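Data first, discussion second: the structure below is written as structure tokens.
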Amino acid sequence: MNEELGLIELILGASITVQLVMLLLVLASVTSWYMIVQRMILLRRTDDALLDFEEQFWSGVDLAELYREGNQAVNDGQPPTGIESIFRAGFKEFSRLSQQSDIDADAVLEGARRAMRVATLREGDRLEMHLPFLASVGSTSPYIGLFGTVWGIMHSFRGLANATQATLAAVAPGISEALIATAMGLFAAIPAVLAYNRFAARVDGLINRYDTFVDEFSGILQRQSYAVRSRNRG
Amino acid sequence: MDRTFYIGFPLAATVLLHAVLIAFLTLRWPETKTVIAATPKPRAIQATIISAEQLRPKKQPPAPKATPKKKAPAPKKTPPKPKPQPKKQAPPPDTTVKQKPPEPTPEPKPEFTETELAALTRTEMDAVLDRETTAAAGTNASMTDTVAAVIQQAVVSRWTRPPSARNGMVARLEIQLVPTGDVVGVSVLQSSGNTAFDRSAISAVERAGRFPEVAQLKPNLFERDFRRFQLIFRPEDLRY
């Protein structure tokens with residue numbers, strides 16, 4: 001009873017299957033944490049950008065001015081992201097269509113809305129990237145860990161079959177090392193599930209705000225397009 | 001710049017998190033604690049015999065340890081045995097503790113009654129232990145030894161062995177303490193094969209209940225040696 005069972009010895013002493021399972025789980029945990037931190041940064045930035053942009057948008061600045069400001073960044077090689085890409089898609093389509101005099105106001109508006117909807121979908125995809133991976137890690141890694149544990153316990157009981165005297169000490173280390181696999185599975189799964197739920201809710205919230213913005217912006221465009229038409233007619 | 005932020009930072013955070021976790025797990029992995037060495041068992045002999053008629057014949061030999069037990073079955077072996085044992089098993093401070101009590105006890109014997117004698121022995125022991133404690137306060141190792149000796153004495157003085165106890169029985173208990181010295185857990189690591197004997201050992205520890213001396217130990221010493229430790233009980237002095 002004097003020999004100490006360190007964590008490292010337990011892992012090194014495990015059978016190859018259990019070690020593979022542990023390796024897999026470590027990889028899953030590392031990858032999912034990487035994605036969690038990355039998503040966290042991305043979502044925070046997107047949130048900030050949305051607030052900034054809305055403030056600018058409703059400050060009464062000329063929309064053409066706003067579009068031109070964005071042009072500069074695009075020429076520098078930074079494609080617009082977030083709410084700005086939706087605004088730019090809508091505004092570009094609107095100005096392009098309204099230059100053609102033979103298209104009526106409704107069609108112009110419809111075109112602009114469609115462009116913005118596409119941009120919104122693309123934005124949603126960008127925000128939701130990697131979330132399915134987190135969901136898979138969250139739902140499968142406990143099972144993978146459990147598999148490792150069951151395998152390890154099977155192994156240690158098989159060893160017990162050959163022993164004439166069954167002592168607890170003969171199986172205890174095997175079970176202990178096998179249980180590490182379950183612990184690792186849970187360690188990988190819990191943050192992944194929490195992060196998935198949190199991020200999914202945040203992405204939903206962002207997309208809702210994008211949709212709201214699209215509606216508001218089309219309201220402005222509609223007003224403008226009818227004003228342009230009536231001026232042309234008059 | 002964006003690229004480094006989206007890839008480099010999460011990567012660093014991830015690696016750091018896992019490294020910290022692994023370091024924490026490997027460094028703080030609970031260990032099975034030190035056995036309080038063979039020292040407990042000789043004291044077990046002394047204290048259980050402390051009732052005065054037994055005390056007289058037994059205190060006379062210079063090494064009180066295994067002598068009484070060995071003497072009864074095989075008197076020839078007595079001279080060689082006691083000598084190596086104190087050297088092997090007891091660290092220097094302990095030897096002094098053990099050797100001191102026998103000196104005063106033989107002298108007052110004729111005049112004192114049993115209870116007085118027992119009381120005297122106990123105060124003597126306490127005085128010696130106190131001296132030990134102050135003397136040893138400097139070095140960690142002897143501090144640990146002293147506290148181990150105090151614990152052992154406290155347990156042994158409350159140990160009443162069942163009639164079914166036999167020579168050669170060994171019960172190994174694991175005792176868990178909290179830093180205040182309170183006993184929070186007692187479990188049998190190695191049974192003697194006799195439930196009554198095991199139970200008597202457990203109840204001796206439970207009756208001791210608290211070892212206030214432990215509270216004076218430095219926290220790291222406590223964690224190392226007394227958070228969990230093992231006590232060995234064996235009735236060495238029995239004659240049957």
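Lettering and numbering for the structure tokens are positional, with chains as A, B, ... in the shown order, residues counted from 1 in each chain, and ligands counted from 1 in the shown order.
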
Once you count only C-alpha atoms, which residues of chain B turn out to be within 6 Å of chain A? Could you give them as a list in words?
Tyr6, Pro10, Leu11, Thr14 and Thr26 of chain B

If we count only C-alpha atoms and set the cut-off at 7 Å, which residues sit around stretch 171-180 of chain B, ignoring sequence neighbours fewer than 4 positions away in its own chain? Please answer as a list in words.
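Returned residues: Val184, Gly185, Val186, Ser187, Val188, Leu189, Gln190, Ser191, Ser192, Asp198, Pro212, Val214, Ala215, Phe222, Phe226, Arg227, Arg228, Phe229, Gln230, Leu231, Ile232, Phe233 and Arg234 of chain B.
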
Those selected residues, please, written with N, CA and C atoms and delivered as a short mmCIF file (atom, residue, chain, number, x, y, z; two decimals), in the first residue's frame.
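Output saved as selection_16.cif:
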data_model
loop_
_atom_site.label_atom_id
_atom_site.label_comp_id
_atom_site.auth_asym_id
_atom_site.auth_seq_id
_atom_site.Cartn_x
_atom_site.Cartn_y
_atom_site.Cartn_z
N VAL B 184 -10.64 13.03 11.48
CA VAL B 184 -11.84 13.06 10.65
C VAL B 184 -12.11 11.72 9.99
N GLY B 185 -11.17 10.82 10.06
CA GLY B 185 -11.43 9.54 9.42
C GLY B 185 -10.48 8.48 9.92
N VAL B 186 -11.02 7.31 10.18
CA VAL B 186 -10.20 6.17 10.57
C VAL B 186 -10.63 5.01 9.70
N SER B 187 -9.69 4.36 9.07
CA SER B 187 -10.08 3.18 8.31
C SER B 187 -9.01 2.12 8.46
N VAL B 188 -9.43 0.89 8.30
CA VAL B 188 -8.51 -0.23 8.45
C VAL B 188 -7.87 -0.49 7.11
N LEU B 189 -6.56 -0.36 7.04
CA LEU B 189 -5.88 -0.64 5.78
C LEU B 189 -5.57 -2.13 5.69
N GLN B 190 -5.18 -2.66 6.83
CA GLN B 190 -4.79 -4.06 6.83
C GLN B 190 -5.36 -4.65 8.11
N SER B 191 -6.28 -5.56 7.93
CA SER B 191 -6.94 -6.11 9.10
C SER B 191 -6.06 -7.15 9.77
N SER B 192 -6.25 -7.30 11.06
CA SER B 192 -5.48 -8.31 11.77
C SER B 192 -6.11 -9.67 11.59
N ASP B 198 -9.45 -5.30 15.56
CA ASP B 198 -9.51 -4.12 14.69
C ASP B 198 -10.36 -3.05 15.33
N PRO B 212 -4.06 17.83 19.83
CA PRO B 212 -3.84 19.29 19.73
C PRO B 212 -2.43 19.65 19.29
N VAL B 214 -0.82 18.60 16.91
CA VAL B 214 -0.69 18.69 15.46
C VAL B 214 -0.89 20.12 14.99
N ALA B 215 -1.71 20.86 15.74
CA ALA B 215 -2.02 22.24 15.32
C ALA B 215 -0.78 23.12 15.34
N PHE B 222 2.50 19.33 8.13
CA PHE B 222 1.23 18.66 8.37
C PHE B 222 0.75 17.96 7.13
N PHE B 226 0.93 14.30 8.27
CA PHE B 226 -0.18 14.02 9.17
C PHE B 226 -1.55 14.17 8.57
N ARG B 227 -1.64 14.65 7.34
CA ARG B 227 -2.96 14.72 6.71
C ARG B 227 -3.54 13.30 6.66
N ARG B 228 -2.74 12.38 6.24
CA ARG B 228 -3.07 10.96 6.29
C ARG B 228 -1.85 10.26 6.82
N PHE B 229 -2.02 9.42 7.76
CA PHE B 229 -0.88 8.63 8.17
C PHE B 229 -1.38 7.29 8.66
N GLN B 230 -0.45 6.40 8.85
CA GLN B 230 -0.84 5.05 9.21
C GLN B 230 -0.30 4.72 10.59
N LEU B 231 -1.11 3.99 11.33
CA LEU B 231 -0.67 3.53 12.64
C LEU B 231 -0.72 2.02 12.63
N ILE B 232 0.27 1.44 13.23
CA ILE B 232 0.31 -0.02 13.28
C ILE B 232 0.06 -0.45 14.71
N PHE B 233 -0.85 -1.36 14.89
CA PHE B 233 -1.14 -1.87 16.22
C PHE B 233 -0.70 -3.32 16.28
N ARG B 234 0.13 -3.63 17.26
CA ARG B 234 0.38 -5.06 17.48
C ARG B 234 0.60 -5.31 18.97
#

Close residues, A:Ala192 itself excluded, 7 Å, only C-alpha atoms, min 5 positions apart in chain, as a PyMOL selection string:
chain A and resi 32+134-135+137-138

Which parts of stretch 14-182 of chain A does DSSP call helix (DSSP H, G or I) when run on the backbone here, written out as JSON, numbers by chain?
{"A": [16, 17, 18, 19, 20, 21, 22, 23, 24, 25, 26, 27, 28, 29, 30, 31, 32, 33, 34, 35, 36, 37, 38, 39, 40, 41, 42, 43, 44, 45, 46, 47, 48, 49, 50, 51, 52, 53, 54, 55, 56, 57, 63, 64, 65, 66, 67, 68, 69, 70, 71, 72, 73, 74, 75, 82, 83, 84, 85, 86, 87, 88, 89, 90, 91, 92, 93, 94, 95, 96, 97, 98, 105, 106, 107, 108, 109, 110, 111, 112, 113, 114, 115, 116, 117, 118, 119, 120, 121, 122, 123, 124, 125, 126, 127, 128, 131, 132, 133, 134, 135, 136, 137, 138, 139, 140, 141, 142, 143, 144, 145, 146, 147, 148, 149, 150, 151, 152, 153, 154, 155, 156, 157, 158, 159, 160, 161, 162, 168, 169, 170, 171, 172, 173, 174, 175, 176, 177, 178, 179, 180, 181, 182]}
